[in-house]
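A.B. asks: So here's query-v9.cif, just mmCIF, C-alpha atoms:
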```cif
data_model
loop_
_atom_site.label_atom_id
_atom_site.label_comp_id
_atom_site.auth_asym_id
_atom_site.auth_seq_id
_atom_site.Cartn_x
_atom_site.Cartn_y
_atom_site.Cartn_z
CA MET I 1 169.11 49.24 33.45
CA THR I 2 168.81 51.29 36.60
CA GLU I 3 172.24 50.46 38.06
CA GLY I 4 174.09 53.14 36.09
CA LYS I 5 171.60 55.85 36.92
CA SER I 6 172.02 58.29 39.71
CA ALA I 7 169.59 58.54 42.61
CA GLU I 8 168.42 61.85 41.20
CA ASP I 9 167.68 60.28 37.77
CA ARG I 10 165.72 57.43 39.39
CA ARG I 11 163.77 59.87 41.48
CA ARG I 12 162.76 61.84 38.38
CA GLU I 13 161.49 58.72 36.63
CA LYS I 14 159.14 57.69 39.43
CA PRO I 15 155.53 58.84 39.24
CA GLY I 16 154.92 61.71 41.65
CA ALA I 17 158.64 62.02 42.30
CA ALA I 18 158.66 65.72 41.40
CA GLY I 19 156.15 66.49 44.14
CA ALA I 20 158.08 64.39 46.65
CA HIS I 21 161.32 66.08 45.72
CA GLU I 22 159.70 69.47 46.08
CA GLU I 23 158.81 68.51 49.64
CA GLU I 24 162.49 67.79 50.24
CA GLN I 25 163.35 71.15 48.69
CA LYS I 26 161.35 72.89 51.42
CA GLU I 27 164.47 72.60 53.53
CA VAL I 28 165.79 75.27 51.16
CA SER I 29 162.82 77.63 51.11
CA GLU I 30 161.75 79.61 48.08
CA GLN I 31 162.60 82.73 50.01
CA GLU I 32 166.19 81.56 50.47
CA GLN I 33 166.41 80.60 46.82
CA VAL I 34 165.07 84.00 45.74
CA GLU I 35 167.64 85.77 47.92
CA ARG I 36 170.48 83.57 46.61
CA LEU I 37 169.47 84.02 42.98
CA ARG I 38 168.80 87.73 43.38
CA ASN I 39 172.29 88.31 44.76
CA SER I 40 173.77 86.37 41.86
CA ILE I 41 171.81 88.38 39.30
CA MET I 42 172.67 91.73 40.88
CA GLU I 43 176.38 90.83 40.84
CA ARG I 44 176.25 90.18 37.09
CA MET I 45 174.05 93.15 36.19
CA ASP I 46 175.43 96.50 35.09
CA LEU I 47 174.01 98.83 37.74
CA SER I 48 175.46 101.96 36.12
CA VAL I 49 172.39 102.03 33.85
CA ASP I 50 168.72 101.34 34.51
CA PRO I 51 168.00 98.06 32.70
CA ASP I 52 164.65 97.60 31.00
CA ASP I 53 162.27 94.76 31.85
CA GLY I 54 163.48 92.60 28.96
CA VAL I 55 167.08 92.66 30.18
CA ILE I 56 165.99 91.76 33.72
CA ARG I 57 163.81 88.90 32.47
CA LYS I 58 166.71 87.47 30.46
CA GLN I 59 169.07 87.72 33.43
CA ILE I 60 166.54 85.86 35.56
CA LEU I 61 166.10 83.08 33.00
CA ASP I 62 169.87 82.69 32.68
CA ALA I 63 170.26 82.52 36.46
CA LEU I 64 167.48 79.93 36.77
CA LEU I 65 169.08 77.85 34.01
CA ASP I 66 172.44 77.86 35.79
CA TYR I 67 170.82 77.12 39.14
CA SER I 68 168.80 74.19 37.80
CA LYS I 69 172.02 72.49 36.67
CA THR I 70 172.92 71.83 40.29
CA GLU I 71 169.54 72.02 42.05
CA TYR I 72 166.42 70.29 40.75
CA LEU I 73 163.51 72.69 40.21
CA THR I 74 159.99 71.70 39.28
CA VAL I 75 158.17 73.67 36.58
CA GLY I 76 155.91 75.17 39.22
CA ARG I 77 158.77 76.33 41.40
CA LYS I 78 160.65 77.77 38.38
CA LYS I 79 157.59 79.83 37.50
CA ARG I 80 157.18 81.10 41.06
CA LEU I 81 160.88 81.93 41.35
CA ASN I 82 160.74 83.77 38.03
CA GLU I 83 157.93 86.04 39.20
CA LYS I 84 159.34 86.54 42.68
CA LEU I 85 162.75 87.45 41.31
CA PHE I 86 161.27 89.98 38.90
CA ALA I 87 159.19 91.53 41.70
CA SER I 88 162.25 91.59 43.92
CA ILE I 89 164.47 93.34 41.35
CA ARG I 90 162.05 95.58 39.47
CA GLY I 91 159.12 95.93 41.86
CA LEU I 92 158.48 95.90 45.59
CA ASP I 93 159.43 92.31 46.34
CA LEU I 94 156.68 90.24 47.96
CA LEU I 95 154.47 93.32 48.25
CA GLU I 96 153.85 93.15 44.49
CA ALA I 97 151.55 90.15 44.83
CA LEU I 98 149.55 91.88 47.58
CA LEU I 99 149.28 95.08 45.56
CA GLU I 100 147.93 93.09 42.61
CA ASP I 101 145.38 91.31 44.83
CA ASP I 102 142.16 93.34 44.56
CA SER I 103 140.76 91.72 47.72
CA VAL I 104 143.52 93.31 49.84
CA THR I 105 142.66 96.83 50.97
CA GLU I 106 145.54 97.48 53.37
CA ILE I 107 149.02 96.06 53.92
CA MET I 108 150.77 96.38 57.29
CA VAL I 109 154.41 95.38 57.68
CA ASN I 110 155.58 95.15 61.31
CA GLY I 111 159.24 94.46 60.75
CA ALA I 112 160.70 92.02 58.22
CA ASP I 113 158.99 88.87 59.48
CA GLN I 114 155.47 90.09 60.30
CA ILE I 115 153.02 91.13 57.60
CA PHE I 116 149.28 91.60 58.06
CA VAL I 117 146.68 92.29 55.40
CA GLU I 118 143.12 93.56 55.49
CA ARG I 119 140.45 91.88 53.42
CA GLN I 120 136.80 92.95 53.68
CA GLY I 121 137.56 94.80 56.89
CA LYS I 122 139.24 91.81 58.57
CA LEU I 123 142.93 91.52 59.47
CA ALA I 124 144.91 88.34 58.91
CA ARG I 125 148.58 87.35 59.09
CA TYR I 126 150.26 86.95 55.70
CA GLU I 127 152.19 83.72 55.31
CA ASP I 128 155.25 85.20 53.60
CA SER I 129 157.89 87.57 54.99
CA PHE I 130 160.91 89.58 53.89
CA SER I 131 164.23 87.76 53.78
CA SER I 132 165.88 90.35 56.00
CA GLU I 133 165.45 93.76 57.56
CA GLU I 134 167.94 95.12 54.98
CA ARG I 135 165.72 93.91 52.15
CA LEU I 136 162.66 95.59 53.69
CA LEU I 137 164.64 98.83 54.02
CA GLN I 138 165.60 98.63 50.34
CA VAL I 139 161.92 98.35 49.39
CA ILE I 140 161.02 101.29 51.64
CA GLN I 141 163.74 103.47 50.09
CA LYS I 142 162.54 102.52 46.61
CA ILE I 143 159.01 103.70 47.51
CA VAL I 144 159.91 107.02 49.11
CA SER I 145 162.60 107.97 46.59
CA LYS I 146 160.10 107.85 43.71
CA VAL I 147 158.13 110.71 45.26
CA ASN I 148 161.19 112.68 46.36
CA ARG I 149 160.75 111.85 50.03
CA ARG I 150 163.46 110.98 52.50
CA VAL I 151 163.43 108.59 55.45
CA ASN I 152 166.42 107.62 57.59
CA ASP I 153 167.64 107.48 61.19
CA ALA I 154 167.60 111.28 61.42
CA SER I 155 164.10 111.55 59.88
CA PRO I 156 162.48 108.19 60.72
CA ILE I 157 158.90 109.05 59.72
CA ALA I 158 157.67 109.67 56.18
CA ASP I 159 154.45 109.77 54.19
CA ALA I 160 154.56 108.76 50.54
CA ARG I 161 152.41 107.30 47.79
CA LEU I 162 152.60 104.66 45.12
CA PRO I 163 152.06 105.46 41.42
CA ASP I 164 148.41 104.37 41.68
CA GLY I 165 147.77 106.80 44.55
CA SER I 166 147.95 104.25 47.36
CA ARG I 167 148.87 105.92 50.66
CA VAL I 168 152.14 104.90 52.34
CA CYS I 169 153.38 105.59 55.85
CA VAL I 170 156.87 104.59 57.03
CA VAL I 171 158.32 104.54 60.54
CA LEU I 172 161.93 103.42 61.07
CA PRO I 173 164.03 102.55 64.12
CA PRO I 174 164.91 103.94 66.59
CA VAL I 175 161.35 105.30 66.76
CA SER I 176 159.91 101.88 65.87
CA LEU I 177 161.05 99.17 68.28
CA GLU I 178 159.82 96.36 66.00
CA GLY I 179 162.10 97.24 63.11
CA PRO I 180 161.01 99.09 59.94
CA VAL I 181 157.24 99.58 59.87
CA LEU I 182 155.37 100.10 56.61
CA SER I 183 151.66 100.65 56.04
CA ILE I 184 150.04 100.81 52.60
CA ARG I 185 146.41 101.80 52.23
CA LYS I 186 145.61 100.69 48.72
CA PHE I 187 143.87 103.03 46.36
CA PRO I 188 141.01 101.34 44.51
CA LYS I 189 141.90 100.58 40.89
CA LYS I 190 138.39 101.55 39.88
CA ARG I 191 137.68 105.21 40.52
CA PHE I 192 134.47 105.37 42.54
CA ALA I 193 131.82 107.72 41.22
CA MET I 194 128.86 108.82 43.32
CA ASP I 195 126.68 106.31 41.48
CA ASP I 196 128.98 103.56 42.76
CA MET I 197 128.58 104.94 46.30
CA VAL I 198 124.82 104.72 45.89
CA GLN I 199 125.03 101.19 44.52
CA ILE I 200 127.07 99.86 47.46
CA GLY I 201 124.81 101.60 49.96
CA SER I 202 127.20 104.26 51.25
CA ILE I 203 124.69 107.01 50.46
CA THR I 204 121.12 107.20 49.20
CA GLU I 205 120.29 108.38 45.70
CA GLU I 206 118.33 111.31 47.10
CA ALA I 207 121.20 112.50 49.32
CA ALA I 208 123.67 112.08 46.44
CA GLU I 209 121.47 114.25 44.22
CA PHE I 210 121.30 116.86 46.99
CA LEU I 211 125.12 116.94 47.24
CA LYS I 212 125.40 117.21 43.46
CA LYS I 213 123.27 120.36 43.47
CA LEU I 214 125.28 121.78 46.36
CA VAL I 215 128.54 121.27 44.42
CA LEU I 216 127.07 122.85 41.28
CA ALA I 217 125.77 125.76 43.39
CA ARG I 218 129.32 126.27 44.72
CA TYR I 219 128.71 125.57 48.39
CA ASN I 220 131.93 125.07 50.38
CA ILE I 221 131.89 121.46 51.55
CA PHE I 222 134.04 119.89 54.24
CA ILE I 223 134.25 116.09 54.63
CA SER I 224 135.06 114.62 58.04
CA GLY I 225 135.52 111.09 59.33
CA GLY I 226 137.75 108.78 61.29
CA THR I 227 140.66 106.72 60.00
CA GLY I 228 139.73 104.43 57.11
CA THR I 229 136.25 105.85 56.58
CA GLY I 230 136.92 106.68 52.93
CA LYS I 231 137.25 110.49 53.05
CA THR I 232 139.58 110.70 50.04
CA THR I 233 137.49 108.26 48.01
CA PHE I 234 134.34 110.25 48.79
CA LEU I 235 136.07 113.53 47.93
CA ASN I 236 137.07 112.05 44.57
CA ALA I 237 133.47 110.99 43.95
CA LEU I 238 132.11 114.39 45.00
CA SER I 239 134.57 116.18 42.71
CA GLY I 240 132.98 114.36 39.80
CA PHE I 241 130.15 116.91 39.97
CA ILE I 242 132.49 119.87 39.36
CA PRO I 243 131.91 121.29 35.84
CA GLU I 244 134.77 120.26 33.57
CA ASP I 245 135.37 123.78 32.26
CA GLU I 246 136.43 125.16 35.66
CA ARG I 247 140.04 125.74 36.78
CA ILE I 248 140.80 123.57 39.81
CA ILE I 249 143.86 123.48 42.06
CA THR I 250 144.41 120.51 44.36
CA ILE I 251 146.74 120.79 47.35
CA GLU I 252 147.88 117.72 49.26
CA ASP I 253 150.50 116.51 51.67
CA SER I 254 150.84 113.41 49.50
CA ALA I 255 149.05 113.49 46.13
CA GLU I 256 146.16 111.01 46.17
CA LEU I 257 143.24 112.81 44.56
CA GLN I 258 142.19 111.79 41.06
CA LEU I 259 140.03 114.46 39.48
CA GLN I 260 139.74 112.89 36.06
CA ASN I 261 137.00 115.01 34.52
CA ILE I 262 138.80 118.35 34.98
CA LYS I 263 140.83 119.61 32.02
CA ASN I 264 142.23 122.80 33.62
CA LEU I 265 143.79 121.11 36.65
CA ILE I 266 146.86 122.01 38.71
CA ARG I 267 148.10 119.51 41.31
CA LEU I 268 150.36 120.75 44.11
CA GLU I 269 152.17 118.62 46.68
CA VAL I 270 154.19 119.65 49.74
CA ARG I 271 157.96 119.16 49.79
CA GLN I 272 159.96 117.96 52.76
CA ALA I 273 163.02 119.81 54.02
CA ASN I 274 166.43 118.66 52.80
CA THR I 275 169.10 117.11 54.99
CA GLU I 276 170.00 120.57 56.33
CA GLY I 277 166.38 121.17 57.31
CA GLU I 278 165.88 123.75 54.57
CA ASN I 279 163.83 124.29 51.38
CA ALA I 280 160.63 122.73 52.69
CA VAL I 281 157.40 123.80 50.98
CA THR I 282 154.46 123.61 53.36
CA MET I 283 150.76 123.24 52.67
CA ARG I 284 150.23 126.77 54.01
CA GLN I 285 152.62 128.11 51.36
CA LEU I 286 150.89 126.11 48.62
CA ILE I 287 147.43 127.36 49.60
CA ARG I 288 148.70 130.95 49.58
CA ALA I 289 150.33 130.42 46.17
CA SER I 290 147.16 128.83 44.78
CA LEU I 291 145.18 132.01 45.48
CA ARG I 292 147.41 133.83 42.96
CA LEU I 293 146.87 131.19 40.27
CA ARG I 294 143.24 132.18 39.57
CA PRO I 295 141.47 129.01 40.68
CA ASP I 296 137.70 128.62 40.38
CA ARG I 297 137.88 126.15 43.25
CA ILE I 298 140.53 124.89 45.63
CA VAL I 299 140.52 121.26 46.77
CA VAL I 300 142.64 120.58 49.85
CA GLY I 301 143.23 116.87 50.41
CA GLU I 302 143.32 116.91 54.21
CA VAL I 303 144.02 119.60 56.77
CA ARG I 304 145.89 118.56 59.90
CA GLY I 305 147.33 121.76 61.33
CA GLU I 306 147.99 125.43 60.71
CA GLU I 307 147.16 125.18 57.01
CA ALA I 308 143.48 125.22 58.06
CA VAL I 309 143.87 129.01 58.41
CA GLU I 310 144.56 129.52 54.70
CA MET I 311 141.90 126.96 53.74
CA ILE I 312 139.17 128.76 55.73
CA MET I 313 140.35 132.15 54.45
CA ALA I 314 140.16 130.89 50.86
CA MET I 315 136.65 129.55 51.41
CA SER I 316 135.44 132.82 52.93
CA THR I 317 137.10 135.23 50.47
CA GLY I 318 135.69 134.43 47.07
CA HIS I 319 136.70 130.85 46.29
CA ASP I 320 133.23 129.34 46.62
CA GLY I 321 132.77 125.68 45.85
CA SER I 322 136.01 124.62 47.53
CA LEU I 323 136.36 121.18 49.10
CA SER I 324 138.49 119.70 51.86
CA THR I 325 138.66 116.88 54.39
CA GLY I 326 139.72 116.44 57.98
CA HIS I 327 139.98 113.80 60.66
CA GLY I 328 137.13 113.91 63.18
CA ASN I 329 135.06 111.32 65.04
CA SER I 330 131.86 113.37 64.75
CA SER I 331 130.63 116.63 63.29
CA ARG I 332 131.04 118.38 66.63
CA ASP I 333 134.52 116.90 67.10
CA MET I 334 135.50 118.15 63.63
CA MET I 335 134.46 121.70 64.50
CA LEU I 336 136.48 121.57 67.72
CA ARG I 337 139.53 120.30 65.84
CA LEU I 338 139.22 123.05 63.24
CA GLU I 339 139.08 125.61 66.06
CA THR I 340 142.30 124.14 67.48
CA MET I 341 144.00 124.18 64.06
CA LEU I 342 143.15 127.83 63.51
CA LEU I 343 144.30 128.76 67.01
CA MET I 344 147.64 127.09 66.18
CA GLY I 345 148.06 129.25 63.10
CA MET I 346 146.71 132.67 64.07
CA ASP I 347 146.50 134.87 67.14
CA MET I 348 142.80 135.68 67.34
CA PRO I 349 140.09 135.39 70.00
CA LEU I 350 138.19 132.10 69.97
CA ALA I 351 134.95 133.89 69.13
CA ALA I 352 136.55 135.35 66.00
CA ILE I 353 137.97 131.92 65.06
CA ARG I 354 134.51 130.37 65.29
CA SER I 355 133.05 133.15 63.15
CA GLN I 356 135.71 132.52 60.48
CA ILE I 357 134.90 128.79 60.37
CA ALA I 358 131.15 129.42 60.22
CA ALA I 359 131.65 131.97 57.43
CA GLY I 360 133.92 129.66 55.40
CA ILE I 361 132.23 126.24 55.55
CA ASP I 362 128.67 125.83 54.29
CA ILE I 363 128.16 122.06 54.42
CA LEU I 364 129.74 119.32 56.54
CA VAL I 365 129.57 115.68 55.38
CA HIS I 366 130.52 113.18 58.08
CA LEU I 367 131.53 109.62 57.16
CA GLY I 368 131.80 106.61 59.44
CA ARG I 369 132.74 102.97 59.52
CA LEU I 370 130.05 100.83 61.13
CA MET I 371 130.46 97.70 63.24
CA ASP I 372 129.91 95.53 60.15
CA LYS I 373 132.95 97.29 58.54
CA SER I 374 130.80 99.08 55.95
CA ARG I 375 131.52 102.73 55.20
CA LYS I 376 128.55 105.10 55.22
CA VAL I 377 127.68 108.76 55.02
CA LEU I 378 126.35 109.25 58.54
CA GLU I 379 125.44 112.92 58.42
CA ILE I 380 125.02 115.85 56.05
CA SER I 381 124.81 119.08 58.02
CA GLU I 382 124.66 122.79 57.33
CA ILE I 383 126.81 125.26 59.25
CA GLN I 384 124.29 127.94 60.23
CA GLY I 385 126.46 130.60 61.82
CA ILE I 386 127.01 131.13 65.54
CA GLN I 387 124.48 130.45 68.29
CA ASP I 388 125.19 131.10 71.98
CA GLY I 389 128.87 131.50 71.14
CA GLN I 390 129.12 128.07 69.46
CA ILE I 391 129.22 127.03 65.80
CA ARG I 392 125.70 125.91 64.92
CA VAL I 393 125.78 122.55 63.12
CA VAL I 394 122.32 121.55 61.87
CA PRO I 395 121.89 117.99 60.52
CA LEU I 396 119.88 117.87 57.29
CA TYR I 397 120.38 114.11 56.79
CA LEU I 398 121.21 111.49 59.42
CA PHE I 399 121.93 107.77 59.08
CA ARG I 400 119.44 105.74 61.06
CA GLU I 401 120.01 102.08 61.81
CA LYS I 402 116.88 99.96 61.36
CA SER I 403 118.06 96.43 62.16
CA ARG I 404 120.91 93.94 61.94
CA ASP I 405 121.04 90.74 59.95
CA PRO I 406 121.52 88.04 62.62
CA ALA I 407 123.23 85.72 60.14
CA THR I 408 125.81 88.13 58.71
CA GLY I 409 125.83 90.95 61.24
CA ARG I 410 125.16 93.43 58.44
CA ILE I 411 123.68 96.71 59.61
CA ILE I 412 120.52 97.72 57.78
CA GLY I 413 119.67 101.40 57.69
CA SER I 414 119.57 104.49 55.50
CA LEU I 415 120.44 108.17 55.35
CA GLU I 416 117.18 110.00 56.08
CA ARG I 417 116.05 113.61 56.09
CA THR I 418 115.73 115.23 59.50
CA GLY I 419 113.14 117.82 58.51
CA GLU I 420 115.54 120.69 59.15
CA GLN I 421 115.68 123.35 56.46
CA LEU I 422 118.62 124.49 54.36
CA LYS I 423 118.99 128.06 55.58
CA ASN I 424 121.57 129.50 53.15
CA ARG I 425 119.65 129.46 49.88
CA GLN I 426 121.32 132.35 48.08
CA LYS I 427 123.95 130.19 46.33
CA TRP I 428 121.19 127.74 45.41
CA LYS I 429 119.18 130.47 43.72
CA ASP I 430 122.27 132.03 42.12
CA ALA I 431 122.98 128.67 40.45
CA GLY I 432 119.57 128.86 38.77
CA PHE I 433 117.87 126.22 40.91
CA ALA I 434 114.26 126.96 41.82
CA GLU I 435 113.26 127.06 45.48
CA GLU I 436 110.60 124.49 44.71
CA GLU I 437 113.39 122.16 43.59
CA LEU I 438 115.14 122.74 46.90
CA MET I 439 111.95 122.05 48.80
CA SER I 440 111.48 118.75 46.99
CA VAL I 441 114.98 117.69 48.03
CA SER I 442 115.14 118.76 51.66
CA GLU I 443 111.41 118.66 52.40
CA VAL I 444 111.30 122.29 53.43
#
```
Do you think you could lay out the structure here as C-alpha cells?

C.D. replies:
Amino acid sequence: MTEGKSAEDRRREKPGAAGAHEEEQKEVSEQEQVERLRNSIMERMDLSVDPDDGVIRKQILDALLDYSKTEYLTVGRKKRLNEKLFASIRGLDLLEALLEDDSVTEIMVNGADQIFVERQGKLARYEDSFSSEERLLQVIQKIVSKVNRRVNDASPIADARLPDGSRVCVVLPPVSLEGPVLSIRKFPKKRFAMDDMVQIGSITEEAAEFLKKLVLARYNIFISGGTGTGKTTFLNALSGFIPEDERIITIEDSAELQLQNIKNLIRLEVRQANTEGENAVTMRQLIRASLRLRPDRIVVGEVRGEEAVEMIMAMSTGHDGSLSTGHGNSSRDMMLRLETMLLMGMDMPLAAIRSQIAAGIDILVHLGRLMDKSRKVLEISEIQGIQDGQIRVVPLYLFREKSRDPATGRIIGSLERTGEQLKNRQKWKDAGFAEEELMSVSEV
C-alpha cells in the first residue's frame, strides 16, 4: 500500500525519519527560515499600532502553520522557530537567548557574523550570527531608542543601557571597519550586597565592616579600578549602607545604579545633543543642579572628564558621604587622572588642584581583576592631605597574595591591615562611634 504515497509520506512513516529529514533541512538553515518567516509576518502585521505579545504570538503560529504546509518541520524545529521569531520581532533577536543565560557576563558583537561571549572570565565564539548587517542595525536602533539615545553615520558612537541596567556601547561604520559593533556588559540579575561580596571572597568581613562604618560616618568615598573590575557593582553594594531616610541624588552618563533601599531618591541621567548639536545636558550641569535639590548625599556613577570639578566641589562643600567611581589602574594612577580631569575643567595651579582633591576625597577603594579572573578589593586607602607637593595616599588595607592553586590557578590571598592609622577621625566621632571601636577595626 505504499505505491500511492508520496516520498514525503514514506519518509515520515520510517523510524527516525524526522531526524534524517531535519539533517536535510540544514540546507535551509534555521536562520534563513527565521528571516523568511519574519518578513512574512511583518508584511501582514499592522505596524501603525504597537501590537501586544498575544497578537505577535498568534501571527507567529499562523505563519508557522502556513509554512509547514509546504515545508516539513519537526516539533523541535517548530518550537525553536517560534521562540526565535518572537525574540526577533519583540525582543533583541538572537541576543535574547544570551541575555537570559546567567552564565554569560558580556556579549561582544563584531559585525553581523561574529559574536563572542564571556563566561567565567573566558571569551568564546558564539555559534549563531545575525542574518544581515541591516538586521543588526535594527536591533541596535531598538536598544538606543528606548533610552532616548541616537546613533547614526553622523554620530557613530553611543552609550546606552538595557532595562535591567546592562551597559551597552555601540560603534558604527565608518568609524568601525568591521561593520556595526555592539558590546553589552550584563548587569547581574541578583543585586549584590556587601555580604555577597564577602561570601565570594571579594572583600573580607572585617574590611566590609570598616567600610560600613565609614559610609555611616559620612566619609567621602571614591572607588577606582580598571575595566571590568566591578566598580558599579561595588558602588551599589556600598550604597546599601546608606540610611534609608536620607535624600540621595544619583548622576550618571547612563543610568546603571540600583539603590533599592533609598525611599527619597532622585535619578538623573545626561542627555545627548539633538541632530543640530543642541539641547545636550551634561553631567557637569546635572551635578550643579543637584546641589540645589537639597541632597544629603550625591552619588556620581563615573567621572571621566570635566565633571570631576563639580564632584570634588560638592564633596568639599558640605555634601559629606558622597560616592563616586573612576577608571584607574592603581590608587596613584587614579589621583593623577583626577588631577588631569580637574585641569581640563578649571584654570587653577596644579598645587591648588591637588589641595581640592585632598580636601574632597576621604577614602579611596581600589578594585582589581586578578590573573585568575576573580575581582577583588585590592586596597582601601585614606587621603591624608598634601605631602611634599603630592597627594598623600596611605593604604589602610592591602590585598596580599599567599599562594596559587596549581590545579585551578586560583589565587589565594586576603585583604589585610597595613598597620597605618586612620588620621581623620572627626567624622567617625561625630557619627557616635567610639575611638576604641575605631582602634579595634584599624588596629590603631

A.B. asks: Could you tell me, as a VMD selection string, which residues have any atom at most 10 Å from (140.0, 129.8, 62.9), counting all atoms listed in the file?

C.D. replies: chain I and resid 306 308 to 313 335 337 to 358 360

A.B. asks: Pick out the residues sitting within 9 Å of Cys169 in chain I, and hand them over as a PyMOL selection string; count only C-alpha atoms, and ignore anything fewer than 6 positions along from it in its own chain.

C.D. replies: chain I and resi 157-161+181-185

A.B. asks: How about saving the chosen residues, C-alpha atoms kept, as a tab-separated table (two decimals), keeping the file's coordinate frame?

C.D. replies:
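File produced: part-v1.tsv:
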```tsv
chain	number	residue	atom	x	y	z
I	157	ILE	CA	158.90	109.05	59.72
I	158	ALA	CA	157.67	109.67	56.18
I	159	ASP	CA	154.45	109.77	54.19
I	160	ALA	CA	154.56	108.76	50.54
I	161	ARG	CA	152.41	107.30	47.79
I	181	VAL	CA	157.24	99.58	59.87
I	182	LEU	CA	155.37	100.10	56.61
I	183	SER	CA	151.66	100.65	56.04
I	184	ILE	CA	150.04	100.81	52.60
I	185	ARG	CA	146.41	101.80	52.23
```

A.B. asks: Restricting the calculation to all atoms listed in the file, which member of I:Ser131, I:Asp195, I:Gly111, I:Val215 is positioned closest to Leu172 in chain I?

C.D. replies: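 Closest to Leu172 in chain I of all the choices is I:Gly111.
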
A.B. asks: Would you list the contacts of Ala97 in chain I as a PyMOL selection string, taking every protein, DNA or RNA residue within 9 Å and counting only C-alpha atoms, but skipping same-chain residues closer than 4 positions in sequence?

C.D. replies: chain I and resi 84+87+93+101

A.B. asks: Would you work out the distance separating CA of Val198 in chain I from CA of Lys373 in chain I, expressed in Å to one decimal?

C.D. replies: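 Pair CA of Val198 in chain I / CA of Lys373 in chain I returns 16.8 Å.
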
A.B. asks: At a cut-off of 9 Å, using only C-alpha atoms, what residues contact Arg410 in chain I? Leave out same-chain residues fewer than 2 positions from it and give the result as a CSV table (one decimal) with C-alpha atoms, in the frame of the given file.

C.D. replies:
```csv
chain,number,residue,atom,x,y,z
I,371,MET,CA,130.5,97.7,63.2
I,372,ASP,CA,129.9,95.5,60.2
I,373,LYS,CA,133.0,97.3,58.5
I,374,SER,CA,130.8,99.1,56.0
I,403,SER,CA,118.1,96.4,62.2
I,404,ARG,CA,120.9,93.9,61.9
I,405,ASP,CA,121.0,90.7,60.0
I,406,PRO,CA,121.5,88.0,62.6
I,407,ALA,CA,123.2,85.7,60.1
I,408,THR,CA,125.8,88.1,58.7
I,412,ILE,CA,120.5,97.7,57.8
```

A.B. asks: Find, counting all atoms listed in the file, the residue in I:Gly419, I:Gly385, I:Pro188, I:Gly368 that gets nearest to Ile203 in chain I.

C.D. replies: I:Gly368

A.B. asks: To one decimal in Å, tell me the separation between CA of Ile249 in chain I and CA of Ile262 in chain I.

C.D. replies: 10.1 Å

A.B. asks: By how many Å are CA of Ser254 in chain I and CA of Leu98 in chain I apart?

C.D. replies: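 Interatomic distance here is 21.7 Å.
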
A.B. asks: Using only C-alpha atoms, determine which residues lie at most 7 Å from Ile248 in chain I, disregarding the query and same-chain residues fewer than 3 positions distant; provide the list as a PDB file with C-alpha atoms, in the frame of the given file.

C.D. replies:
```pdb
ATOM      1  CA  ASN I 264     142.230 122.800  33.620  1.00  0.00           C
ATOM      2  CA  LEU I 265     143.790 121.110  36.650  1.00  0.00           C
ATOM      3  CA  ILE I 266     146.860 122.010  38.710  1.00  0.00           C
ATOM      4  CA  PRO I 295     141.470 129.010  40.680  1.00  0.00           C
ATOM      5  CA  ASP I 296     137.700 128.620  40.380  1.00  0.00           C
ATOM      6  CA  ARG I 297     137.880 126.150  43.250  1.00  0.00           C
ATOM      7  CA  ILE I 298     140.530 124.890  45.630  1.00  0.00           C
TER       8      ILE I 298
END
```

A.B. asks: Once the PyMOL selection byres ((chain I and resi 257) around 7) is applied to the coordinates I shared, what remains selected? I want it as a PyMOL selection string.

C.D. replies: chain I and resi 232+236+255-256+258-259

A.B. asks: Output: range 336-361 of chain I of the preceding structure, restricted to C-alpha atoms, written as a PDB file, in the first residue's frame.

C.D. replies:
```
ATOM      1  CA  LEU I 336      46.843  61.569  38.553  1.00  0.00           C
ATOM      2  CA  ARG I 337      43.760  61.125  36.370  1.00  0.00           C
ATOM      3  CA  LEU I 338      41.637  63.205  38.738  1.00  0.00           C
ATOM      4  CA  GLU I 339      44.264  65.953  38.575  1.00  0.00           C
ATOM      5  CA  THR I 340      44.046  65.867  34.774  1.00  0.00           C
ATOM      6  CA  MET I 341      40.234  65.962  34.845  1.00  0.00           C
ATOM      7  CA  LEU I 342      40.201  69.000  37.107  1.00  0.00           C
ATOM      8  CA  LEU I 343      42.823  70.761  34.992  1.00  0.00           C
ATOM      9  CA  MET I 344      40.535  70.198  31.976  1.00  0.00           C
ATOM     10  CA  GLY I 345      37.643  71.899  33.734  1.00  0.00           C
ATOM     11  CA  MET I 346      39.193  74.777  35.671  1.00  0.00           C
ATOM     12  CA  ASP I 347      42.067  77.207  35.330  1.00  0.00           C
ATOM     13  CA  MET I 348      43.943  76.763  38.604  1.00  0.00           C
ATOM     14  CA  PRO I 349      47.537  75.976  39.600  1.00  0.00           C
ATOM     15  CA  LEU I 350      48.299  72.276  39.994  1.00  0.00           C
ATOM     16  CA  ALA I 351      49.051  72.745  43.683  1.00  0.00           C
ATOM     17  CA  ALA I 352      45.562  74.177  44.225  1.00  0.00           C
ATOM     18  CA  ILE I 353      44.013  71.322  42.213  1.00  0.00           C
ATOM     19  CA  ARG I 354      45.746  68.760  44.418  1.00  0.00           C
ATOM     20  CA  SER I 355      44.563  70.548  47.543  1.00  0.00           C
ATOM     21  CA  GLN I 356      40.965  70.456  46.257  1.00  0.00           C
ATOM     22  CA  ILE I 357      41.152  66.693  45.631  1.00  0.00           C
ATOM     23  CA  ALA I 358      42.728  66.015  49.026  1.00  0.00           C
ATOM     24  CA  ALA I 359      40.065  68.141  50.727  1.00  0.00           C
ATOM     25  CA  GLY I 360      37.185  66.451  48.880  1.00  0.00           C
ATOM     26  CA  ILE I 361      38.010  62.727  48.976  1.00  0.00           C
TER      27      ILE I 361
END
```
